[in-house]
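Structure file run13.txt (compact mmCIF, C-alpha atoms (C1' of nucleotides)) follows.
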```txt
# COMPACT_ATOMS: atom_id res chain seq x y z
CA MET A 1417 0.00 0.00 0.00
CA THR A 1418 2.27 2.67 -1.31
CA ARG A 1419 -0.09 5.53 -0.80
CA GLU A 1420 0.68 8.87 -2.39
CA ARG A 1421 3.19 10.91 -0.48
CA LEU A 1422 2.08 14.16 1.04
CA THR A 1423 3.31 17.45 -0.34
CA ALA A 1424 2.48 21.02 0.52
CA GLN A 1425 0.81 21.36 -2.86
CA ARG A 1426 -1.35 18.29 -2.47
CA LEU A 1427 -2.33 19.38 1.02
CA THR A 1428 -3.23 22.85 -0.19
CA ARG A 1429 -5.40 21.53 -2.98
CA ALA A 1430 -7.17 19.12 -0.69
CA ALA A 1431 -7.66 21.88 1.86
CA ALA A 1432 -9.28 24.01 -0.83
CA GLU A 1433 -11.64 21.16 -1.72
CA LEU A 1434 -12.44 20.68 1.92
CA ALA A 1435 -13.10 24.39 2.33
CA ASP A 1436 -15.68 24.33 -0.43
CA GLU A 1437 -17.34 21.30 1.12
CA ILE A 1438 -17.36 22.09 4.83
CA GLY A 1439 -16.53 25.80 4.96
CA PHE A 1440 -13.18 27.51 5.24
CA ALA A 1441 -13.52 28.00 8.98
CA ASN A 1442 -13.80 24.24 9.42
CA VAL A 1443 -10.60 23.47 7.57
CA THR A 1444 -8.31 22.25 10.32
CA VAL A 1445 -5.11 20.29 10.44
CA SER A 1446 -7.06 17.41 11.95
CA ALA A 1447 -9.76 17.38 9.32
CA LEU A 1448 -7.21 17.52 6.55
CA ALA A 1449 -5.20 14.70 8.13
CA ARG A 1450 -8.37 12.62 8.28
CA ALA A 1451 -8.95 13.21 4.59
CA PHE A 1452 -5.53 11.70 3.90
CA ALA A 1453 -5.98 8.92 6.48
CA VAL A 1454 -2.90 10.16 8.24
CA LYS A 1455 -2.12 11.50 11.72
CA PRO A 1456 -2.27 15.30 12.18
CA ALA A 1457 1.40 15.50 13.11
CA ALA A 1458 2.32 14.23 9.66
CA LEU A 1459 1.20 17.48 8.07
CA TYR A 1460 3.70 19.54 10.00
CA SER A 1461 6.55 18.35 7.83
CA HIS A 1462 4.93 19.99 4.83
CA VAL A 1463 3.18 23.00 6.22
CA ARG A 1464 4.35 25.25 9.03
CA ASP A 1465 1.07 25.45 10.90
CA LEU A 1466 -2.64 26.03 10.43
CA GLN A 1467 -2.16 29.68 9.53
CA ASP A 1468 0.37 28.73 6.88
CA LEU A 1469 -2.06 26.20 5.43
CA ARG A 1470 -4.80 28.80 5.26
CA VAL A 1471 -2.59 31.35 3.57
CA ARG A 1472 -1.67 28.73 0.99
CA VAL A 1473 -5.34 28.08 0.27
CA ALA A 1474 -5.91 31.82 -0.06
CA ALA A 1475 -3.02 32.09 -2.51
CA LEU A 1476 -4.32 29.15 -4.53
CA ALA A 1477 -7.77 30.71 -4.74
CA LEU A 1478 -6.42 34.13 -5.65
CA ALA A 1479 -4.34 32.60 -8.44
CA GLU A 1480 -7.20 30.47 -9.76
CA LEU A 1481 -9.53 33.42 -9.82
CA ALA A 1482 -6.95 35.56 -11.56
CA ASP A 1483 -6.58 32.88 -14.24
CA ARG A 1484 -10.29 32.65 -14.73
CA ALA A 1485 -10.69 36.40 -14.88
CA ALA A 1486 -7.88 36.66 -17.39
CA SER A 1487 -9.58 34.13 -19.66
CA ALA A 1488 -12.87 35.94 -19.36
CA LEU A 1489 -11.20 39.19 -20.25
CA ALA A 1490 -9.35 37.91 -23.29
CA GLY A 1491 -10.44 39.64 -26.46
CA ARG A 1492 -13.03 41.81 -24.81
CA ALA A 1493 -13.23 45.51 -24.17
CA GLY A 1494 -15.61 48.11 -22.83
CA LYS A 1495 -18.78 46.94 -21.16
CA ASP A 1496 -18.21 43.46 -22.50
CA ALA A 1497 -14.99 43.24 -20.54
CA LEU A 1498 -16.61 44.63 -17.42
CA VAL A 1499 -19.44 42.10 -17.53
CA ALA A 1500 -17.14 39.19 -18.30
CA PHE A 1501 -14.73 40.05 -15.52
CA ALA A 1502 -17.51 40.56 -13.02
CA GLY A 1503 -19.13 37.32 -14.10
CA ALA A 1504 -15.90 35.42 -13.62
CA TYR A 1505 -15.57 36.89 -10.16
CA ARG A 1506 -19.11 36.07 -9.10
CA GLY A 1507 -19.08 32.65 -10.73
CA TYR A 1508 -15.90 31.63 -8.98
CA ALA A 1509 -17.18 32.82 -5.62
CA LYS A 1510 -20.40 30.88 -5.97
CA GLU A 1511 -18.75 27.70 -7.23
CA HIS A 1512 -16.04 27.85 -4.60
CA PRO A 1513 -17.43 29.51 -1.50
CA GLY A 1514 -14.75 28.01 0.73
CA ARG A 1515 -11.93 29.21 -1.46
CA TYR A 1516 -13.62 32.58 -1.74
CA ALA A 1517 -13.80 32.85 2.04
CA ALA A 1518 -10.12 31.97 2.19
CA MET A 1519 -9.32 34.96 0.01
CA GLN A 1520 -10.80 37.29 2.61
CA ILE A 1521 -8.25 36.58 5.32
CA GLU A 1522 -6.07 39.45 6.45
CA LEU A 1523 -3.39 39.72 3.83
CA ASP A 1524 -1.51 42.15 5.97
CA GLY A 1525 1.58 40.34 7.06
CA ILE A 1526 1.90 38.46 3.78
CA ASP A 1527 5.17 38.15 1.91
CA PRO A 1528 4.88 40.73 -0.89
CA ARG A 1529 6.91 38.48 -3.18
CA GLY A 1530 4.74 35.46 -2.46
CA GLU A 1531 2.17 33.90 -4.72
CA ALA A 1532 -0.73 35.54 -2.89
CA ALA A 1533 0.53 39.07 -3.26
CA GLN A 1534 1.40 38.41 -6.89
CA ALA A 1535 -2.10 37.17 -7.67
CA ALA A 1536 -3.57 40.19 -5.91
CA ARG A 1537 -1.47 42.41 -8.16
CA ARG A 1538 -2.76 40.58 -11.23
CA HIS A 1539 -6.31 41.33 -10.10
CA ALA A 1540 -5.57 45.01 -9.73
CA GLU A 1541 -3.94 45.10 -13.15
CA MET A 1542 -6.93 43.46 -14.79
CA THR A 1543 -9.31 45.88 -13.17
CA ARG A 1544 -7.20 48.74 -14.51
CA ALA A 1545 -7.24 47.08 -17.92
CA ILE A 1546 -11.03 47.17 -17.91
CA LEU A 1547 -10.97 50.82 -17.00
CA ARG A 1548 -8.76 51.60 -19.96
CA GLY A 1549 -11.92 51.26 -22.01
CA TYR A 1550 -13.40 54.15 -20.08
CA ARG A 1551 -10.49 56.55 -20.42
CA LEU A 1552 -10.23 57.54 -16.78
CA ALA A 1553 -7.17 59.52 -15.73
CA GLU A 1554 -5.59 59.29 -12.29
CA PRO A 1555 -6.65 59.67 -9.59
CA ASP A 1556 -10.11 58.82 -10.91
CA GLN A 1557 -8.81 55.47 -12.08
CA THR A 1558 -7.72 54.44 -8.62
CA ASP A 1559 -11.04 55.57 -7.17
CA ALA A 1560 -12.89 53.58 -9.81
CA VAL A 1561 -10.74 50.49 -9.20
CA ARG A 1562 -11.60 50.66 -5.53
CA MET A 1563 -15.27 51.17 -6.22
CA LEU A 1564 -15.41 48.26 -8.65
CA HIS A 1565 -13.54 45.93 -6.35
CA GLY A 1566 -15.72 46.94 -3.45
CA THR A 1567 -18.93 46.53 -5.36
CA PHE A 1568 -18.06 43.10 -6.73
CA HIS A 1569 -16.84 41.81 -3.41
CA GLY A 1570 -19.66 43.35 -1.39
CA PHE A 1571 -22.43 42.20 -3.67
CA VAL A 1572 -21.13 38.68 -3.93
CA SER A 1573 -20.38 38.23 -0.28
CA LEU A 1574 -23.78 39.53 0.75
CA GLU A 1575 -25.33 37.18 -1.78
CA ILE A 1576 -23.41 34.20 -0.42
CA ALA A 1577 -24.18 35.15 3.16
CA GLY A 1578 -27.87 35.10 2.26
CA GLY A 1579 -28.40 38.81 2.69
CA PHE A 1580 -30.55 39.05 -0.43
CA ARG A 1581 -32.77 36.07 0.22
CA HIS A 1582 -35.50 38.08 1.93
CA THR A 1583 -36.60 39.83 -1.23
CA PRO A 1584 -38.09 37.74 -4.03
CA ARG A 1585 -36.38 39.66 -6.88
CA LEU A 1586 -33.92 37.42 -8.70
CA VAL A 1587 -30.37 38.14 -7.68
CA ASP A 1588 -29.14 37.60 -11.24
CA ALA A 1589 -31.30 40.48 -12.38
CA SER A 1590 -29.99 42.80 -9.68
CA TRP A 1591 -26.45 41.82 -10.57
CA SER A 1592 -27.06 42.61 -14.19
CA ARG A 1593 -28.57 45.99 -13.38
CA THR A 1594 -25.72 46.75 -10.99
CA LEU A 1595 -23.31 46.16 -13.85
CA ASP A 1596 -25.42 48.40 -16.09
CA ALA A 1597 -25.16 51.07 -13.43
CA LEU A 1598 -21.41 50.67 -13.06
CA HIS A 1599 -20.98 50.86 -16.80
CA ALA A 1600 -23.05 54.01 -16.96
CA VAL A 1601 -21.17 55.75 -14.19
CA LEU A 1602 -17.79 54.77 -15.57
CA THR A 1603 -18.81 56.05 -18.98
CA ASP A 1604 -19.68 59.39 -17.48
CA TRP A 1605 -17.53 59.57 -14.36
CA PRO A 1606 -18.72 62.53 -12.29
CA PRO A 1607 -16.34 65.28 -11.19
CA PRO A 1608 -15.70 65.71 -7.43
CA GLU A 1609 -18.46 67.25 -5.33
CA ALA A 1610 -21.03 66.90 -8.04
CA GLY A 1611 -23.14 68.95 -5.68
CA PRO A 1612 -26.21 67.89 -3.72
CA ARG A 1613 -29.64 67.91 -5.29
CA MET B 608 -16.44 40.82 47.30
CA THR B 609 -19.87 40.98 45.80
CA ARG B 610 -18.82 41.20 42.21
CA GLU B 611 -21.40 42.06 39.60
CA ARG B 612 -23.55 39.15 38.60
CA LEU B 613 -23.30 37.87 35.07
CA THR B 614 -26.14 38.35 32.64
CA ALA B 615 -26.49 37.55 28.97
CA GLN B 616 -26.55 41.27 28.24
CA ARG B 617 -23.40 42.03 30.18
CA LEU B 618 -21.64 39.10 28.56
CA THR B 619 -22.72 40.22 25.11
CA ARG B 620 -21.49 43.75 25.67
CA ALA B 621 -18.18 42.54 27.02
CA ALA B 622 -17.83 40.13 24.12
CA ALA B 623 -18.36 43.03 21.72
CA GLU B 624 -15.63 45.03 23.46
CA LEU B 625 -13.37 42.04 23.33
CA ALA B 626 -14.09 41.56 19.64
CA ASP B 627 -12.98 45.09 18.88
CA GLU B 628 -9.82 44.59 20.89
CA ILE B 629 -8.66 41.12 19.91
CA GLY B 630 -10.74 40.34 16.82
CA PHE B 631 -14.08 38.62 16.54
CA ALA B 632 -12.54 35.26 15.70
CA ASN B 633 -10.67 35.32 19.01
CA VAL B 634 -13.76 35.87 21.10
CA THR B 635 -14.13 32.57 22.91
CA VAL B 636 -16.00 31.42 25.96
CA SER B 637 -12.68 31.03 27.74
CA ALA B 638 -11.43 34.52 26.89
CA LEU B 639 -14.69 36.05 27.97
CA ALA B 640 -14.67 34.09 31.23
CA ARG B 641 -11.16 35.37 31.87
CA ALA B 642 -12.34 38.93 31.36
CA PHE B 643 -14.88 38.38 34.14
CA ALA B 644 -12.43 36.45 36.33
CA VAL B 645 -14.78 33.51 36.28
CA LYS B 646 -14.59 29.91 35.10
CA PRO B 647 -15.75 29.18 31.54
CA ALA B 648 -18.54 26.90 32.71
CA ALA B 649 -20.18 29.83 34.49
CA LEU B 650 -21.12 31.42 31.19
CA TYR B 651 -23.26 28.51 30.14
CA SER B 652 -26.05 29.52 32.50
CA HIS B 653 -26.48 32.75 30.59
CA VAL B 654 -25.63 31.85 27.03
CA ARG B 655 -26.41 28.61 25.22
CA ASP B 656 -23.02 28.13 23.63
CA LEU B 657 -20.32 29.92 21.67
CA GLN B 658 -22.49 30.24 18.60
CA ASP B 659 -25.27 31.79 20.64
CA LEU B 660 -22.81 34.29 22.11
CA ARG B 661 -21.60 35.25 18.66
CA VAL B 662 -25.08 35.72 17.29
CA ARG B 663 -25.83 37.99 20.25
CA VAL B 664 -22.80 40.11 19.46
CA ALA B 665 -23.90 40.29 15.83
CA ALA B 666 -27.37 41.39 16.90
CA LEU B 667 -25.93 44.03 19.21
CA ALA B 668 -23.74 45.40 16.45
CA LEU B 669 -26.55 45.39 13.91
CA ALA B 670 -28.79 47.30 16.32
CA GLU B 671 -26.08 49.81 17.25
CA LEU B 672 -25.31 50.48 13.62
CA ALA B 673 -28.98 50.88 12.80
CA ASP B 674 -29.29 53.45 15.59
CA ARG B 675 -26.31 55.37 14.37
CA ALA B 676 -27.48 55.28 10.77
CA ALA B 677 -30.92 56.47 11.82
CA SER B 678 -29.41 59.45 13.64
CA ALA B 679 -27.26 60.27 10.67
CA LEU B 680 -30.26 60.13 8.40
CA ALA B 681 -32.51 62.33 10.52
CA GLY B 682 -33.52 65.48 8.72
CA ARG B 683 -31.52 64.74 5.60
CA ALA B 684 -32.55 63.88 2.09
CA GLY B 685 -31.05 63.32 -1.34
CA LYS B 686 -27.30 63.12 -1.62
CA ASP B 687 -26.96 64.48 1.88
CA ALA B 688 -28.80 61.46 3.21
CA LEU B 689 -26.74 59.09 1.09
CA VAL B 690 -23.46 60.53 2.30
CA ALA B 691 -24.53 60.64 5.92
CA PHE B 692 -25.79 57.07 5.89
CA ALA B 693 -22.69 55.79 4.17
CA GLY B 694 -20.49 57.74 6.57
CA ALA B 695 -22.27 56.24 9.55
CA TYR B 696 -21.75 52.79 8.10
CA ARG B 697 -18.07 53.25 7.38
CA GLY B 698 -17.40 55.08 10.65
CA TYR B 699 -18.97 52.33 12.69
CA ALA B 700 -17.05 49.64 10.87
CA LYS B 701 -13.75 51.39 11.41
CA GLU B 702 -14.38 52.20 15.06
CA HIS B 703 -15.67 48.73 15.80
CA PRO B 704 -13.95 46.25 13.53
CA GLY B 705 -14.73 43.32 15.81
CA ARG B 706 -18.42 44.13 15.97
CA TYR B 707 -18.41 44.72 12.22
CA ALA B 708 -16.90 41.29 11.64
CA ALA B 709 -19.57 39.82 13.90
CA MET B 710 -22.25 41.22 11.61
CA GLN B 711 -20.90 39.18 8.72
CA ILE B 712 -21.69 35.77 10.17
CA GLU B 713 -24.17 33.62 8.33
CA LEU B 714 -27.55 34.95 9.31
CA ASP B 715 -29.23 32.02 7.70
CA GLY B 716 -30.69 30.00 10.49
CA ILE B 717 -31.51 33.07 12.57
CA ASP B 718 -34.84 33.55 14.28
CA PRO B 719 -36.69 36.00 11.98
CA ARG B 720 -38.41 37.54 15.03
CA GLY B 721 -35.13 38.02 16.89
CA GLU B 722 -33.27 41.23 17.46
CA ALA B 723 -30.78 40.52 14.69
CA ALA B 724 -33.35 40.02 11.96
CA GLN B 725 -35.24 43.08 13.16
CA ALA B 726 -32.14 45.26 12.97
CA ALA B 727 -31.40 43.92 9.51
CA ARG B 728 -34.88 44.96 8.46
CA ARG B 729 -34.29 48.46 9.83
CA HIS B 730 -31.20 48.71 7.66
CA ALA B 731 -33.09 47.73 4.56
CA GLU B 732 -35.82 50.24 5.36
CA MET B 733 -33.33 53.05 5.79
CA THR B 734 -31.65 52.24 2.51
CA ARG B 735 -35.05 52.38 0.83
CA ALA B 736 -35.71 55.68 2.57
CA ILE B 737 -32.60 57.13 0.99
CA LEU B 738 -33.70 55.90 -2.38
CA ARG B 739 -37.00 57.70 -2.01
CA GLY B 740 -35.06 60.84 -2.82
CA TYR B 741 -34.18 59.34 -6.18
CA ARG B 742 -37.67 58.27 -7.21
CA LEU B 743 -36.82 54.75 -8.28
CA ALA B 744 -39.74 52.39 -8.94
CA GLU B 745 -39.60 48.67 -8.35
CA PRO B 746 -37.79 46.56 -9.29
CA ASP B 747 -35.09 49.19 -9.79
CA GLN B 748 -35.36 50.11 -6.14
CA THR B 749 -34.49 46.61 -5.01
CA ASP B 750 -31.60 46.47 -7.44
CA ALA B 751 -30.31 49.78 -6.17
CA VAL B 752 -30.68 48.71 -2.53
CA ARG B 753 -28.59 45.66 -3.29
CA MET B 754 -25.99 47.65 -5.13
CA LEU B 755 -25.70 50.23 -2.35
CA HIS B 756 -25.47 47.61 0.35
CA GLY B 757 -22.90 45.71 -1.62
CA THR B 758 -20.81 48.74 -2.38
CA PHE B 759 -20.74 49.99 1.19
CA HIS B 760 -19.96 46.61 2.61
CA GLY B 761 -17.41 45.70 -0.03
CA PHE B 762 -15.53 48.97 0.07
CA VAL B 763 -15.37 49.05 3.84
CA SER B 764 -14.40 45.46 4.30
CA LEU B 765 -11.65 45.70 1.69
CA GLU B 766 -10.43 48.84 3.41
CA ILE B 767 -10.36 47.15 6.80
CA ALA B 768 -8.66 44.08 5.37
CA GLY B 769 -5.93 46.33 4.04
CA GLY B 770 -6.77 45.79 0.39
CA PHE B 771 -6.29 49.45 -0.45
CA ARG B 772 -3.03 50.01 1.32
CA HIS B 773 -0.87 49.31 -1.69
CA THR B 774 -1.87 52.47 -3.50
CA PRO B 775 -0.94 55.81 -1.97
CA ARG B 776 -4.20 57.57 -2.87
CA LEU B 777 -6.11 58.52 0.29
CA VAL B 778 -8.95 56.12 0.95
CA ASP B 779 -11.16 58.95 2.17
CA ALA B 780 -10.90 60.56 -1.24
CA SER B 781 -11.84 57.34 -3.04
CA TRP B 782 -14.76 56.88 -0.67
CA SER B 783 -15.98 60.36 -1.39
CA ARG B 784 -15.71 59.87 -5.14
CA THR B 785 -17.44 56.52 -4.88
CA LEU B 786 -20.36 58.26 -3.20
CA ASP B 787 -20.35 60.90 -5.93
CA ALA B 788 -20.55 58.11 -8.45
CA LEU B 789 -23.38 56.36 -6.64
CA HIS B 790 -25.28 59.61 -6.38
CA ALA B 791 -24.84 60.23 -10.08
CA VAL B 792 -26.00 56.80 -11.12
CA LEU B 793 -28.97 56.84 -8.78
CA THR B 794 -29.97 60.23 -10.13
CA ASP B 795 -29.94 58.86 -13.64
CA TRP B 796 -30.57 55.15 -13.17
CA PRO B 797 -29.92 53.45 -16.48
CA PRO B 798 -32.54 51.23 -18.13
CA PRO B 799 -31.76 47.51 -18.53
CA GLU B 800 -29.22 46.52 -21.16
CA ALA B 801 -28.01 50.05 -21.65
CA GLY B 802 -26.12 48.54 -24.54
CA PRO B 803 -22.37 48.10 -24.90
CA ARG B 804 -20.23 50.90 -26.21
C1' DT C 1379 24.18 -6.96 -2.50
C1' DC C 1380 24.32 -4.92 1.91
C1' DC C 1381 24.40 -1.13 4.94
C1' DC C 1382 23.38 3.11 6.66
C1' DA C 1383 21.33 7.53 6.52
C1' DT C 1384 17.46 9.94 5.36
C1' DC C 1385 12.76 10.46 4.90
C1' DA C 1386 7.86 10.06 5.96
C1' DC C 1387 5.02 9.07 8.98
C1' DT C 1388 3.48 7.51 13.96
C1' DT C 1389 3.46 7.75 18.86
C1' DA C 1390 3.43 10.45 22.83
C1' DA C 1391 2.52 14.33 25.33
C1' DA C 1392 1.38 19.14 26.78
C1' DG C 1393 -1.80 22.63 26.74
C1' DG C 1394 -5.99 25.15 25.24
C1' DC C 1395 -10.61 25.03 23.71
C1' DT C 1396 -15.97 23.69 24.36
C1' DT C 1397 -19.42 21.67 26.79
C1' DT C 1398 -22.01 18.78 30.25
C1' DA C 1399 -22.83 17.11 34.94
C1' DA C 1400 -22.43 17.29 39.57
C1' DG C 1401 -21.16 19.83 43.70
C1' DT C 1402 -21.07 23.89 46.90
C1' DA C 1403 -22.05 28.07 48.75
C1' DT C 1404 -24.67 32.14 48.80
C1' DT C 1405 -28.73 34.56 48.26
C1' DT C 1406 -33.66 34.99 48.31
C1' DG C 1407 -38.29 34.49 49.70
C1' DC C 1408 -41.42 33.05 53.08
C1' DG D 356 -34.32 31.68 60.48
C1' DC D 357 -34.83 28.05 57.20
C1' DA D 358 -35.58 25.89 52.79
C1' DA D 359 -35.15 26.31 48.07
C1' DA D 360 -33.41 28.47 44.17
C1' DT D 361 -29.46 30.66 42.22
C1' DA D 362 -24.68 31.45 40.77
C1' DC D 363 -20.67 29.84 40.33
C1' DT D 364 -16.85 26.04 40.80
C1' DT D 365 -15.02 21.51 40.20
C1' DA D 366 -14.49 17.65 37.41
C1' DA D 367 -14.28 15.34 33.34
C1' DA D 368 -14.67 13.99 28.35
C1' DG D 369 -13.48 15.04 23.90
C1' DC D 370 -11.44 17.62 20.19
C1' DC D 371 -8.10 20.80 18.66
C1' DT D 372 -2.86 22.44 17.67
C1' DT D 373 1.79 21.76 18.02
C1' DT D 374 6.42 19.84 19.38
C1' DA D 375 9.60 16.03 20.25
C1' DA D 376 11.01 11.62 19.96
C1' DG D 377 10.54 7.10 17.80
C1' DT D 378 10.11 3.62 13.88
C1' DG D 379 10.23 1.51 9.70
C1' DA D 380 10.85 1.77 4.78
C1' DT D 381 13.69 3.56 0.93
C1' DG D 382 17.37 4.43 -1.74
C1' DG D 383 22.28 5.78 -2.68
C1' DG D 384 27.02 4.42 -2.13
C1' DA D 385 30.53 0.94 -1.48
```

Please re-express this file's structure in structure tokens.
Amino acid sequence: MTRERLTAQRLTRAAAELADEIGFANVTVSALARAFAVKPAALYSHVRDLQDLRVRVAALALAELADRAASALAGRAGKDALVAFAGAYRGYAKEHPGRYAAMQIELDGIDPRGEAAQAARRHAEMTRAILRGYRLAEPDQTDAVRMLHGTFHGFVSLEIAGGFRHTPRLVDASWSRTLDALHAVLTDWPPPEAGPR
Amino acid sequence: MTRERLTAQRLTRAAAELADEIGFANVTVSALARAFAVKPAALYSHVRDLQDLRVRVAALALAELADRAASALAGRAGKDALVAFAGAYRGYAKEHPGRYAAMQIELDGIDPRGEAAQAARRHAEMTRAILRGYRLAEPDQTDAVRMLHGTFHGFVSLEIAGGFRHTPRLVDASWSRTLDALHAVLTDWPPPEAGPR
DNA sequence: TCCCATCACTTAAAGGCTTTAAGTATTTGC
DNA sequence: GCAAATACTTAAAGCCTTTAAGTGATGGGA
């Protein structure tokens, strides 16, 4: 019974699977060891500790999402690109809620040369690429990047958390109209202090 | 030494304090018991279990935020109301990161007649009140409520998580411009499929 | 081919967490 | 002033993380 040897990569992938199945918060060294029919202590040769494992899952998810977003973006521009990128984001989050949750961990003390930080940079670059279609100059571009990121993340995480389930309106429809609204406001980005009224 | 008796309310309040200090994820029955110089088991007369404690903190936070938002909204309308509401939301989240995190727990299996669900309903009502200034009919109103909620939550939680710290631009400025953009798009809410280009 | 070192995992153990059950002491109501 | 309820402690089981030491298989060198 020469079972497959453990590696950090295999552990990370399995942890990501587990996260989608039982929730990111329930991904523990013990649970992962059980999945490999191995004692918990065995994992510590491959992964520093639980925190390390979780950061690895976050990095995996970030990279996967960046890949998917890049594919979605390929060959598109303008509103098309916006919708495709947003769709990739939302689709990934809904297919992989555990991985998505992993991405939300504090990325503060993370190695800026690590895979996670690199994937995060790819995301930012893609968002800026979308905005190129709208001809926004700095600092408007940065503001718009932040607004887009915030809107995507906020909408999707409220949707996953069930925050929209109390109103019958289809969430897909609201998502679509939210993208229409974002497109409109990017097309005609208002100057500062557009004035009340 | 007649120390103050424990109650669910006092525990909840202390847990909220603790959450802001050490992070919501680190609020445990043990830590809370320590704060009261009491054995962990003592808490179980007042609170069903850890999950119950956490839901109580979430409900407290939701109610506090609803109060603050209501004050901010009083006597305002139009963009003024939007900015005040959003400011209350962001201010609360930044002052009380632990409580804010508590609000993000799955509210799925929650008692719909409980304090938490009630506070959530107050939030939705206030958001709709803001939108009254923009004369949106259903289903646009629901879509806009979802977009606003999502944008506020997403922006603020990315900010707290440190997602904006890699660009020098002041976050306050981006927040302000994001509100300008929301105001603009609410003022001139685009019809469905506004068409690419 | 044999041996030895390394590797990959197990065993063992300490310490923290949640949660229940049973015990004790204090307070409360009559 | 006494009995009963209350409020907390003690005790214990079970699960978690993490480190250290142990074991057996593997594979490279002679």

*asked:* Based on all atoms listed in the file, which of the residues in chain A come within 6 Å of chain B? I want them as a PyMOL selection string.
replied: chain A and resi 1495+1522+1559+1563+1566-1567+1569-1571+1577+1590+1594+1601+1612

**OP:** Determine which residues of chain D sit within 10 Å of chain A, taking into account only C-alpha atoms (C1' of nucleotides), and present them as a ChimeraX atom specification.
**Re:** /D:370-374

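Nearest to Leu625 (chain B) of all the residues B:Ala693, B:Arg706, B:Gly698, B:Arg612 is B:Arg706, counting all atoms listed in the file.
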
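Relative to CA of His1539 (chain A), CA of Ala1482 (chain A) is found at 6.0 Å.
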
### Task
Go ahead and compute the interatomic distance for C1' of DT1384 (chain C) and CA of Ala1449 (chain A), in Å to one decimal.
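Computing it gives 23.3 Å between the two atoms.
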
| said: So the first atom is CA of Val1454 (chain A) and the second is C1' of DT1388 (chain C); what is the distance between them in Å, to one decimal place? | reply: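 Those two atoms sit 9.0 Å apart.
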
Up to 10 Å from (8.3, 1.2, 7.3) in the file's coordinates: name the residues, counting only C-alpha atoms (C1' of nucleotides), as a PyMOL selection string. (chain C and resi 1386-1387) or (chain D and resi 378-381)

### Query
Given the choices A:Ala1485, A:Leu1469, A:Ile1526, A:Ile1546, which gets closest to Ala1432 (chain A) if the distance is worked out from all atoms listed in the file?
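Under the stated criterion, the closest residue is A:Leu1469.
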
Test item: chain C residues at most 10 Å from chain B, counting only C-alpha atoms (C1' of nucleotides), as JSON, numbers by chain = {"C": [1394, 1395, 1396, 1397, 1398]}

List the neighbours of DG382 (chain D) out to 12 Å using all atoms listed in the file; skip same-chain residues closer than 2 positions along the sequence, and give me the result as a JSON list (two decimals) with C-alpha atoms (C1' of nucleotides), in the coordinates of the input.
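Saved to out01.json:
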```
[["chain", "number", "residue", "atom", "x", "y", "z"],
["C", 1381, "DC", "C1'", 24.40, -1.13, 4.94],
["C", 1382, "DC", "C1'", 23.38, 3.11, 6.66],
["C", 1383, "DA", "C1'", 21.33, 7.53, 6.52],
["C", 1384, "DT", "C1'", 17.46, 9.94, 5.36],
["C", 1385, "DC", "C1'", 12.76, 10.46, 4.90],
["D", 380, "DA", "C1'", 10.85, 1.77, 4.78],
["D", 384, "DG", "C1'", 27.02, 4.42, -2.13]]
```

task: Give as a PyMOL selection string each residue that has an atom at most 9 Å from (-11.9, 30.6, -3.7) in the file, counting only C-alpha atoms (C1' of nucleotides).
output: chain A and resi 1432+1435-1436+1473-1474+1476-1478+1480-1481+1508-1519

message = Taking all atoms listed in the file into account, name the residue in D:DA368, D:DA362, D:DA375, D:DC357 that is nearest to DA1390 (chain C).
response =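 Under the stated criterion, the closest residue is D:DA375.
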
- Message: Env of DA358 (chain D): 12 Å cut, atoms = all atoms listed in the file, seq-sep filter 2 positions within chain, self excluded. Answer as a VMD selection string.
- Response: (chain C and resid 1405 to 1408) or (chain D and resid 356 360)

Box in all listed atoms of region 1384-1395 of chain C, axis-aligned, with 5 Å more on each side; write out centre and edge lengths in Å to one decimal as AutoDock Vina command-line options.
```
--center_x 3.4 --center_y 16.3 --center_z 15.8 --size_x 38.1 --size_y 27.6 --size_z 31.9
```
